[in-house]
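A.B. asks: Have a peek at work_28.cif (mmCIF, C-alpha atoms and all ligand atoms).
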```cif
data_work
loop_
_atom_site.group_PDB
_atom_site.id
_atom_site.type_symbol
_atom_site.label_atom_id
_atom_site.label_comp_id
_atom_site.auth_asym_id
_atom_site.auth_seq_id
_atom_site.Cartn_x
_atom_site.Cartn_y
_atom_site.Cartn_z
ATOM 1 C CA MET W 755 35.523 -25.248 79.539
ATOM 2 C CA GLN W 756 35.202 -28.430 77.503
ATOM 3 C CA THR W 757 36.872 -28.076 74.104
ATOM 4 C CA SER W 758 35.795 -30.718 71.664
ATOM 5 C CA LEU W 759 36.671 -29.767 68.122
ATOM 6 C CA GLN W 760 35.305 -32.884 66.435
ATOM 7 C CA LEU W 761 31.550 -32.864 66.772
ATOM 8 C CA SER W 762 29.618 -36.011 65.930
ATOM 9 C CA THR W 763 26.059 -35.990 64.575
ATOM 10 C CA GLN W 764 24.997 -37.090 68.077
ATOM 11 C CA GLN W 765 26.300 -33.896 69.649
ATOM 12 C CA VAL W 766 24.869 -30.410 69.755
ATOM 13 C CA HIS W 767 26.917 -27.635 71.293
ATOM 14 C CA ILE W 768 24.987 -24.609 72.460
ATOM 15 C CA TRP W 769 27.077 -21.515 73.037
ATOM 16 C CA ILE W 770 25.571 -18.748 75.120
ATOM 17 C CA ALA W 771 27.246 -15.441 74.314
ATOM 18 C CA ASP W 772 27.046 -12.437 76.619
ATOM 19 C CA LEU W 773 26.692 -9.441 74.306
ATOM 20 C CA ALA W 774 27.159 -6.872 77.088
ATOM 21 C CA GLN W 775 30.832 -6.336 76.374
ATOM 22 C CA PRO W 776 32.798 -3.105 76.799
ATOM 23 C CA ALA W 777 33.149 -0.812 73.783
ATOM 24 C CA GLU W 778 36.891 -1.390 73.652
ATOM 25 C CA LEU W 779 36.446 -5.158 73.259
ATOM 26 C CA ALA W 780 33.583 -4.695 70.771
ATOM 27 C CA GLY W 781 35.905 -2.498 68.700
ATOM 28 C CA ARG W 782 38.523 -5.249 68.592
ATOM 29 C CA LEU W 783 35.928 -7.908 67.811
ATOM 30 C CA GLU W 784 34.653 -5.849 64.884
ATOM 31 C CA GLN W 785 37.994 -6.445 63.132
ATOM 32 C CA MET W 786 36.961 -10.114 62.800
ATOM 33 C CA LEU W 787 33.863 -9.373 60.759
ATOM 34 C CA CYS W 788 33.703 -9.542 56.965
ATOM 35 C CA PRO W 789 32.976 -6.343 54.994
ATOM 36 C CA ASP W 790 29.294 -7.224 54.627
ATOM 37 C CA GLU W 791 28.907 -7.744 58.383
ATOM 38 C CA ARG W 792 30.645 -4.427 59.054
ATOM 39 C CA ARG W 793 28.275 -2.687 56.642
ATOM 40 C CA ARG W 794 25.294 -4.250 58.432
ATOM 41 C CA ALA W 795 26.712 -3.214 61.794
ATOM 42 C CA ALA W 796 27.132 0.377 60.600
ATOM 43 C CA ARG W 797 23.419 0.595 59.732
ATOM 44 C CA TRP W 798 22.402 0.506 63.396
ATOM 45 C CA CYS W 799 21.765 3.991 64.787
ATOM 46 C CA SER W 800 21.571 2.666 68.326
ATOM 47 C CA GLU W 801 25.019 2.127 69.816
ATOM 48 C CA ALA W 802 23.724 -0.751 71.961
ATOM 49 C CA LYS W 803 22.182 -2.575 68.971
ATOM 50 C CA ARG W 804 25.303 -2.046 66.912
ATOM 51 C CA ARG W 805 27.441 -3.464 69.728
ATOM 52 C CA ARG W 806 25.134 -6.476 70.094
ATOM 53 C CA PHE W 807 25.323 -7.164 66.364
ATOM 54 C CA VAL W 808 29.131 -6.905 66.319
ATOM 55 C CA VAL W 809 29.652 -9.065 69.401
ATOM 56 C CA SER W 810 27.158 -11.739 68.287
ATOM 57 C CA HIS W 811 28.694 -12.055 64.842
ATOM 58 C CA ALA W 812 32.231 -12.092 66.237
ATOM 59 C CA ALA W 813 31.204 -14.751 68.781
ATOM 60 C CA LEU W 814 29.705 -16.810 65.942
ATOM 61 C CA ARG W 815 32.957 -16.566 63.981
ATOM 62 C CA ILE W 816 35.041 -17.471 67.041
ATOM 63 C CA VAL W 817 32.868 -20.509 67.811
ATOM 64 C CA LEU W 818 32.893 -21.711 64.201
ATOM 65 C CA GLY W 819 36.630 -21.028 63.951
ATOM 66 C CA HIS W 820 37.070 -23.148 67.060
ATOM 67 C CA HIS W 821 35.334 -26.084 65.385
ATOM 68 C CA LEU W 822 36.934 -25.558 61.980
ATOM 69 C CA GLN W 823 40.426 -24.828 63.338
ATOM 70 C CA LYS W 824 40.489 -21.487 61.572
ATOM 71 C CA GLU W 825 40.930 -17.897 62.619
ATOM 72 C CA ALA W 826 37.596 -16.161 63.185
ATOM 73 C CA ASN W 827 38.097 -13.827 60.239
ATOM 74 C CA GLU W 828 38.891 -16.764 57.939
ATOM 75 C CA VAL W 829 35.513 -18.444 58.485
ATOM 76 C CA GLU W 830 33.484 -18.160 55.280
ATOM 77 C CA ILE W 831 29.773 -17.916 55.943
ATOM 78 C CA SER W 832 27.385 -18.206 52.990
ATOM 79 C CA LEU W 833 23.693 -17.326 52.851
ATOM 80 C CA SER W 834 20.954 -19.568 51.464
ATOM 81 C CA GLU W 835 18.263 -18.067 49.230
ATOM 82 C CA ALA W 836 16.090 -17.755 52.337
ATOM 83 C CA GLY W 837 18.872 -15.864 54.108
ATOM 84 C CA LYS W 838 19.977 -18.727 56.351
ATOM 85 C CA PRO W 839 23.708 -18.564 57.096
ATOM 86 C CA TYR W 840 25.636 -21.812 56.465
ATOM 87 C CA LEU W 841 29.148 -23.105 55.855
ATOM 88 C CA ALA W 842 29.701 -23.967 52.212
ATOM 89 C CA ASP W 843 32.850 -26.001 52.972
ATOM 90 C CA SER W 844 33.122 -29.796 53.327
ATOM 91 C CA SER W 845 33.367 -29.791 57.137
ATOM 92 C CA GLY W 846 29.767 -30.946 57.689
ATOM 93 C CA VAL W 847 29.495 -28.444 60.541
ATOM 94 C CA SER W 848 26.021 -26.912 60.676
ATOM 95 C CA PHE W 849 24.918 -24.087 62.918
ATOM 96 C CA ASN W 850 22.285 -21.504 63.669
ATOM 97 C CA MET W 851 22.269 -18.347 65.764
ATOM 98 C CA SER W 852 19.667 -16.299 67.580
ATOM 99 C CA HIS W 853 20.027 -13.097 69.559
ATOM 100 C CA SER W 854 17.725 -11.180 71.845
ATOM 101 C CA HIS W 855 18.477 -8.312 74.209
ATOM 102 C CA GLU W 856 21.946 -9.014 75.711
ATOM 103 C CA LEU W 857 22.319 -12.693 74.790
ATOM 104 C CA ALA W 858 23.089 -14.640 71.647
ATOM 105 C CA VAL W 859 22.886 -18.416 71.348
ATOM 106 C CA ILE W 860 24.700 -20.464 68.749
ATOM 107 C CA ALA W 861 23.835 -24.131 68.108
ATOM 108 C CA VAL W 862 26.513 -26.193 66.369
ATOM 109 C CA THR W 863 26.237 -29.788 65.201
ATOM 110 C CA ARG W 864 27.232 -31.916 62.229
ATOM 111 C CA ASP W 865 25.533 -33.162 59.074
ATOM 112 C CA ARG W 866 22.001 -32.139 59.964
ATOM 113 C CA ASN W 867 19.801 -29.077 59.929
ATOM 114 C CA VAL W 868 19.547 -27.167 63.158
ATOM 115 C CA GLY W 869 17.584 -24.092 64.236
ATOM 116 C CA ILE W 870 17.680 -22.159 67.499
ATOM 117 C CA ASP W 871 15.649 -19.261 68.833
ATOM 118 C CA ILE W 872 15.615 -17.264 72.052
ATOM 119 C CA GLU W 873 13.548 -14.347 73.258
ATOM 120 C CA TYR W 874 13.996 -12.061 76.212
ATOM 121 C CA VAL W 875 10.810 -12.304 78.270
ATOM 122 C CA THR W 876 9.407 -8.837 77.888
ATOM 123 C CA PRO W 877 7.127 -7.336 80.513
ATOM 124 C CA GLN W 878 4.849 -5.939 77.755
ATOM 125 C CA PRO W 879 1.851 -8.270 77.522
ATOM 126 C CA ARG W 880 0.113 -6.152 74.864
ATOM 127 C CA VAL W 881 3.007 -6.639 72.458
ATOM 128 C CA LEU W 882 2.993 -10.348 73.169
ATOM 129 C CA TRP W 883 -0.705 -10.744 72.511
ATOM 130 C CA ALA W 884 0.066 -9.790 68.898
ATOM 131 C CA LEU W 885 1.527 -13.297 68.640
ATOM 132 C CA ARG W 886 -1.785 -14.882 69.563
ATOM 133 C CA PRO W 887 -3.030 -15.409 65.961
ATOM 134 C CA TYR W 888 -0.014 -17.653 65.391
ATOM 135 C CA LEU W 889 -0.871 -20.012 68.237
ATOM 136 C CA SER W 890 -2.838 -23.222 67.915
ATOM 137 C CA ALA W 891 -6.280 -23.632 69.523
ATOM 138 C CA ASP W 892 -4.752 -25.915 72.179
ATOM 139 C CA GLU W 893 -2.117 -23.352 73.032
ATOM 140 C CA VAL W 894 -4.693 -20.582 73.400
ATOM 141 C CA VAL W 895 -6.681 -22.784 75.810
ATOM 142 C CA LEU W 896 -3.550 -23.623 77.793
ATOM 143 C CA LEU W 897 -2.608 -19.963 77.978
ATOM 144 C CA SER W 898 -6.015 -19.029 79.344
ATOM 145 C CA MET W 899 -5.442 -21.577 82.134
ATOM 146 C CA THR W 900 -1.987 -20.181 82.897
ATOM 147 C CA PRO W 901 -1.596 -17.782 85.851
ATOM 148 C CA PRO W 902 -1.298 -14.187 84.496
ATOM 149 C CA GLY W 903 2.252 -13.822 85.816
ATOM 150 C CA GLU W 904 3.431 -16.756 83.719
ATOM 151 C CA ARG W 905 1.551 -16.067 80.488
ATOM 152 C CA ASN W 906 4.217 -13.956 78.761
ATOM 153 C CA ARG W 907 6.819 -16.595 79.289
ATOM 154 C CA ARG W 908 4.598 -19.421 78.071
ATOM 155 C CA MET W 909 3.424 -17.505 75.017
ATOM 156 C CA LEU W 910 6.987 -16.674 74.050
ATOM 157 C CA GLY W 911 7.893 -20.320 74.634
ATOM 158 C CA TYR W 912 5.365 -21.355 71.984
ATOM 159 C CA TRP W 913 6.675 -18.654 69.678
ATOM 160 C CA VAL W 914 10.356 -19.604 69.930
ATOM 161 C CA ALA W 915 9.490 -23.248 69.194
ATOM 162 C CA ARG W 916 7.938 -22.144 65.889
ATOM 163 C CA GLU W 917 10.828 -19.856 65.087
ATOM 164 C CA ALA W 918 13.394 -22.591 65.817
ATOM 165 C CA VAL W 919 11.517 -24.957 63.492
ATOM 166 C CA PHE W 920 11.306 -22.276 60.815
ATOM 167 C CA LYS W 921 15.018 -21.558 61.181
ATOM 168 C CA ALA W 922 15.976 -25.233 60.959
ATOM 169 C CA PHE W 923 13.762 -26.287 58.055
ATOM 170 C CA GLY W 924 12.411 -23.166 56.357
ATOM 171 C CA ARG W 925 8.816 -22.730 55.456
ATOM 172 C CA GLY W 926 8.622 -25.772 53.033
ATOM 173 C CA GLY W 927 5.709 -28.118 52.438
ATOM 174 C CA SER W 928 5.948 -29.673 55.862
ATOM 175 C CA TRP W 929 5.480 -26.444 57.772
ATOM 176 C CA LEU W 930 2.737 -27.286 60.253
ATOM 177 C CA PRO W 931 2.356 -24.506 62.841
ATOM 178 C CA ASP W 932 -0.035 -26.501 65.035
ATOM 179 C CA SER W 933 2.481 -29.251 65.538
ATOM 180 C CA CYS W 934 5.030 -27.062 67.314
ATOM 181 C CA SER W 935 3.451 -26.753 70.703
ATOM 182 C CA VAL W 936 5.283 -28.555 73.430
ATOM 183 C CA PRO W 937 2.922 -30.321 75.862
ATOM 184 C CA LEU W 938 2.547 -28.385 79.085
ATOM 185 C CA GLU W 939 3.857 -31.194 81.238
ATOM 186 C CA ASP W 940 7.015 -31.435 79.116
ATOM 187 C CA GLU W 941 8.053 -27.798 79.273
ATOM 188 C CA SER W 942 10.141 -27.948 82.410
ATOM 189 C CA ALA W 943 11.527 -31.372 81.520
ATOM 190 C CA CYS W 944 12.804 -29.971 78.195
ATOM 191 C CA THR W 945 11.781 -33.120 76.342
ATOM 192 C CA TRP W 946 11.794 -33.435 72.563
ATOM 193 C CA ARG W 947 8.650 -33.266 70.536
ATOM 194 C CA GLY W 948 8.468 -34.927 67.117
ATOM 195 C CA LEU W 949 6.947 -32.923 64.260
ATOM 196 C CA LEU W 950 4.872 -34.253 61.430
ATOM 197 C CA SER W 951 6.716 -33.975 58.172
ATOM 198 C CA ALA W 952 5.101 -34.411 54.783
ATOM 199 C CA GLU W 953 8.321 -35.970 53.499
ATOM 200 C CA GLY W 954 8.444 -38.438 56.386
ATOM 201 C CA ALA W 955 11.671 -36.903 57.673
ATOM 202 C CA ASN W 956 12.232 -36.925 61.404
ATOM 203 C CA ARG W 957 12.103 -33.441 62.893
ATOM 204 C CA LEU W 958 12.340 -32.558 66.539
ATOM 205 C CA VAL W 959 11.906 -29.479 68.682
ATOM 206 C CA ARG W 960 12.397 -28.911 72.409
ATOM 207 C CA PRO W 961 12.608 -26.032 74.864
ATOM 208 C CA ILE W 962 16.085 -25.085 76.086
ATOM 209 C CA HIS W 963 17.003 -23.161 79.198
ATOM 210 C CA VAL W 964 19.715 -20.580 78.634
ATOM 211 C CA ASP W 965 18.880 -17.970 81.280
ATOM 212 C CA ASP W 966 15.937 -17.287 83.625
ATOM 213 C CA ALA W 967 15.109 -14.049 81.800
ATOM 214 C CA TYR W 968 14.828 -15.755 78.382
ATOM 215 C CA VAL W 969 12.946 -18.580 76.719
ATOM 216 C CA GLY W 970 14.538 -20.691 74.023
ATOM 217 C CA ALA W 971 13.953 -23.628 71.700
ATOM 218 C CA LEU W 972 16.116 -25.921 69.602
ATOM 219 C CA ALA W 973 14.940 -27.736 66.466
ATOM 220 C CA ILE W 974 16.886 -30.467 64.750
ATOM 221 C CA GLU W 975 16.644 -32.978 61.938
ATOM 222 C CA GLY W 976 16.961 -36.718 62.558
ATOM 223 C CA SER W 977 17.069 -38.710 65.769
ATOM 224 C CA GLU W 978 17.445 -37.292 69.282
ATOM 225 C CA PRO W 979 21.059 -36.256 69.827
ATOM 226 C CA SER W 980 22.588 -38.097 72.771
ATOM 227 C CA ASP W 981 24.641 -35.146 73.941
ATOM 228 C CA ILE W 982 23.676 -31.467 74.290
ATOM 229 C CA ALA W 983 26.440 -29.453 75.909
ATOM 230 C CA TYR W 984 26.276 -25.806 76.948
ATOM 231 C CA PHE W 985 29.207 -23.374 76.836
ATOM 232 C CA ARG W 986 29.604 -19.742 77.801
ATOM 233 C CA TRP W 987 31.248 -17.070 75.715
ATOM 234 C CA PRO W 988 33.380 -15.258 76.709
ATOM 235 C CA PRO W 989 34.770 -18.115 78.826
ATOM 236 C CA GLU W 990 34.822 -17.470 82.581
ATOM 237 C CA SER W 991 38.617 -17.425 82.461
ATOM 238 C CA GLY W 992 38.361 -14.269 80.343
ATOM 239 C CA TYR W 993 38.404 -13.617 76.658
ATOM 240 C CA ASN W 994 41.456 -14.757 74.767
ATOM 241 C CA PHE W 995 41.842 -13.715 71.156
ATOM 242 C CA GLY W 996 43.870 -16.851 70.543
ATOM 243 C CA MET W 997 41.077 -19.103 71.857
ATOM 244 C CA ARG W 998 41.192 -21.752 69.173
HETATM 245 C C1 LIG W 1001 14.681 -14.930 59.901
HETATM 246 C C2 LIG W 1001 14.010 -14.988 61.236
HETATM 247 C C3 LIG W 1001 13.710 -16.448 61.553
HETATM 248 C C4 LIG W 1001 14.941 -14.403 62.313
HETATM 249 O O1 LIG W 1001 14.353 -14.600 63.567
HETATM 250 P P1 LIG W 1001 14.423 -13.470 64.697
HETATM 251 O O2 LIG W 1001 13.740 -14.023 65.901
HETATM 252 O O3 LIG W 1001 13.939 -12.183 64.135
HETATM 253 O O4 LIG W 1001 15.933 -13.261 64.991
HETATM 254 P P2 LIG W 1001 16.982 -14.260 65.650
HETATM 255 O O5 LIG W 1001 17.884 -13.421 66.460
HETATM 256 O O6 LIG W 1001 16.334 -15.415 66.314
HETATM 257 O O7 LIG W 1001 17.751 -14.845 64.405
HETATM 258 C C5 LIG W 1001 18.523 -14.005 63.601
HETATM 259 C C6 LIG W 1001 19.647 -14.831 63.041
HETATM 260 O O8 LIG W 1001 19.127 -16.006 62.401
HETATM 261 C C7 LIG W 1001 19.931 -16.300 61.273
HETATM 262 N N1 LIG W 1001 19.014 -16.290 60.112
HETATM 263 C C8 LIG W 1001 18.669 -15.275 59.292
HETATM 264 N N2 LIG W 1001 17.786 -15.725 58.363
HETATM 265 C C9 LIG W 1001 17.572 -17.026 58.632
HETATM 266 C C10 LIG W 1001 16.767 -18.023 58.016
HETATM 267 N N3 LIG W 1001 16.009 -17.783 56.950
HETATM 268 N N4 LIG W 1001 16.784 -19.277 58.548
HETATM 269 C C11 LIG W 1001 17.548 -19.559 59.610
HETATM 270 N N5 LIG W 1001 18.353 -18.646 60.236
HETATM 271 C C12 LIG W 1001 18.341 -17.394 59.743
HETATM 272 C C13 LIG W 1001 20.999 -15.228 61.192
HETATM 273 O O9 LIG W 1001 22.134 -15.722 61.862
HETATM 274 C C14 LIG W 1001 20.376 -14.094 61.957
HETATM 275 O O10 LIG W 1001 21.319 -13.254 62.564
HETATM 276 P P3 LIG W 1001 21.643 -11.804 61.929
HETATM 277 O O11 LIG W 1001 20.329 -11.174 61.577
HETATM 278 O O12 LIG W 1001 22.372 -11.064 62.992
HETATM 279 O O13 LIG W 1001 22.474 -12.083 60.712
HETATM 280 C C15 LIG W 1001 12.711 -14.169 61.293
HETATM 281 O O14 LIG W 1001 12.997 -12.830 61.045
HETATM 282 C C16 LIG W 1001 11.657 -14.639 60.320
HETATM 283 O O15 LIG W 1001 11.607 -14.257 59.166
HETATM 284 N N6 LIG W 1001 10.767 -15.469 60.809
HETATM 285 C C17 LIG W 1001 9.715 -16.007 60.016
HETATM 286 C C18 LIG W 1001 8.430 -15.659 60.667
HETATM 287 C C19 LIG W 1001 7.614 -16.873 60.736
HETATM 288 O O16 LIG W 1001 6.928 -17.215 59.796
HETATM 289 N N7 LIG W 1001 7.748 -17.559 61.865
HETATM 290 C C20 LIG W 1001 7.088 -18.767 62.094
HETATM 291 C C21 LIG W 1001 6.068 -18.625 63.162
HETATM 292 S S1 LIG W 1001 4.444 -18.559 62.528
#
```
Just give me the structure of the file as structure tokens.
C.D. replies:
Amino acid sequence: MQTSLQLSTQQVHIWIADLAQPAELAGRLEQMLCPDERRRAARWCSEAKRRRFVVSHAALRIVLGHHLQKEANEVEISLSEAGKPYLADSSGVSFNMSHSHELAVIAVTRDRNVGIDIEYVTPQPRVLWALRPYLSADEVVLLSMTPPGERNRRMLGYWVAREAVFKAFGRGGSWLPDSCSVPLEDESACTWRGLLSAEGANRLVRPIHVDDAYVGALAIEGSEPSDIAYFRWPPESGYNFGMR
């Protein structure tokens, strides 16, 4: 595993966290959470959802602690008015997290807004068609040309691009849903797409591949980062509480 603590603005680290961890480990990880996170965890009636919440938030703290050179439970995460978690310190480290089913993804960079979103590709097309009103006319046409077996994945791909943009920049004046669709030919190449911004700011979104069973997208402010690196959590060598 590569361990670069000093991120530049040109780097984005994407951590893919496996939330399917044994109860014993989840119990230990819960000790890292702040009181508010523990209260939120306790609200879940489903044991699986509670475990996923605990593991994702502990993984987030471990990853941020790794970059900040702090213990996971010392990382102070604030919430914006819109509910977006951020670091209120002077480190410049910015991040965003998304979780779906048994995976969480955490994007970390420096000095610029970032948003990430993943979705488990569900086999329930009727649920997915509820997303249709949010798609642009072009996307609806492209979906109708897509073989039935691939439609769910493509529709969710359009959805996660919007969610990643929303999570990076909020709803603001420059929120243009139609501008999020990634051209069909670019999907597998994972190329960046520029978004129109009323303020003239440069905003980018691209698909990311984290796992065959999921779709994902990353949105970022500014120019194309030169380096996107992927990491797994827990590391293949096994989980070490003293990771940092
Ligand atoms: C907040 C929101 C973006 C979360 O998205 P989601 O797909 O439900 O869930 P994800 O797993 O991807 O993201 C959840 C994480 O995002 C982060 N988050 C929460 N609010 C956020 C916000 N306003 N901005 C960015 N990140 C946020 C948190 O880390 C959260 O984790 P937690 O709930 O365990 O604390 C979503 O609920 C929402 O309100 N979306 C707006 C709907 C919309 O208008 N979408 C645009 C398409 S038309």
A.B. asks: Choose the residue, out of W:Arg916, W:Arg905, W:Arg886, W:Arg864, that has the smallest atom-to-atom separation from Gly976 (chain W); count all atoms listed in the file.
C.D. replies: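 Going through W:Arg916, W:Arg905, W:Arg886, W:Arg864 one by one, the smallest distance to Gly976 (chain W) is for W:Arg864.
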A.B. asks: Report as a list of chain:residue names the full result of the PyMOL selection byres (((chain W and resi 760-770) around 8) and not hetatm) when it is applied to this structure.
C.D. replies: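 On this input, the PyMOL selection byres (((chain W and resi 760-770) around 8) and not hetatm) captures W:Ser758, W:Leu759, W:Ala771, W:Asp772, W:Val817, W:His821, W:Val847, W:Leu857, W:Ala858, W:Val859, W:Ile860, W:Ala861, W:Val862, W:Thr863, W:Arg864, W:Asp865, W:Arg866, W:Val964, W:Glu978, W:Pro979, W:Ser980, W:Asp981, W:Ile982, W:Ala983, W:Tyr984, W:Phe985, W:Arg986, W:Trp987.
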A.B. asks: With ligand LIG 1001 (chain W) as the partner and 7 Å as the cut-off, tabulate the residues of chain W that qualify, each row holding the nearest pair of atoms and their distance in Å to one decimal, using only C-alpha atoms and all ligand atoms, sorted by chain and rising number, as a tab-separated table.
C.D. replies:
```
residue	atom	partner	partner_atom	distance
W:Phe807	CA	W:LIG1001	O12	5.9
W:His811	CA	W:LIG1001	O12	6.7
W:Ala836	CA	W:LIG1001	N3	4.6
W:Gly837	CA	W:LIG1001	N2	4.4
W:Lys838	CA	W:LIG1001	C10	3.7
W:Pro839	CA	W:LIG1001	O9	5.8
W:Asn850	CA	W:LIG1001	N5	6.0
W:Met851	CA	W:LIG1001	O9	4.7
W:Ser852	CA	W:LIG1001	O5	3.6
W:His853	CA	W:LIG1001	O5	3.8
W:Ser854	CA	W:LIG1001	O5	5.8
W:Gly869	CA	W:LIG1001	C11	6.5
W:Ile870	CA	W:LIG1001	O6	7.0
W:Asp871	CA	W:LIG1001	O6	4.6
W:Ile872	CA	W:LIG1001	O6	6.1
W:Tyr888	CA	W:LIG1001	S1	5.4
W:Trp913	CA	W:LIG1001	C21	6.5
W:Arg916	CA	W:LIG1001	C21	4.8
W:Glu917	CA	W:LIG1001	C20	4.9
W:Phe920	CA	W:LIG1001	C20	5.6
W:Lys921	CA	W:LIG1001	C11	3.6
W:Ala922	CA	W:LIG1001	C11	6.0
W:Gly924	CA	W:LIG1001	N4	6.2
W:Pro931	CA	W:LIG1001	S1	6.3
```
A.B. asks: How far is it from CA of Arg960 (chain W) to CA of Arg908 (chain W), in Å with one decimal?
C.D. replies: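 These two atoms are separated by 13.5 Å.
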A.B. asks: Just give me the gap between CA of Thr945 (chain W) and CA of Ala971 (chain W) in Å, one decimal is fine.
C.D. replies: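 Computing the Euclidean distance for CA of Thr945 (chain W) and CA of Ala971 (chain W) yields 10.8 Å.
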A.B. asks: Need the shell around Ala812 (chain W): protein/DNA/RNA residues with any atom at most 8 Å away, counting only C-alpha atoms. Skip same-chain ones fewer than 3 positions apart. Format as a count of residues only?
C.D. replies: 9
A.B. asks: Just the number, please: distance in Å from CA of Ala918 (chain W) to CA of Cys799 (chain W), one decimal.
C.D. replies: 27.9 Å
A.B. asks: Set up a box along x, y and z of the file covering all listed atoms of region 975-985 of chain W, add 5 Å on every one of the six sides, and write the centre and edge lengths in Å to one decimal, as JSON.
C.D. replies:
```
{"center_x": 22.9, "center_y": -31.0, "center_z": 69.4, "size_x": 22.6, "size_y": 25.3, "size_z": 25.0}
```
A.B. asks: Any chance you could resolve the PyMOL selection byres (((chain W and resi 910) around 8) and not hetatm) against this file and give the residues as a PyMOL selection string?
C.D. replies: chain W and resi 873+875+882+906-909+911-914+969
A.B. asks: The PyMOL selection byres (((chain W and resi 805) around 10) and not hetatm) - which residues does that actually catch in the file I just gave you? List them as a ChimeraX atom specification.
C.D. replies: /W:773-777,779-781,783-784,795-796,798,800-804,806-811,856
A.B. asks: Rank nothing, just name the residue among W:Asn956, W:Trp946, W:Asp790, W:Ser898 nearest to Leu972 (chain W), using all atoms listed in the file.
C.D. replies: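 Using all atoms listed in the file, the shortest distance to Leu972 (chain W) belongs to W:Trp946.
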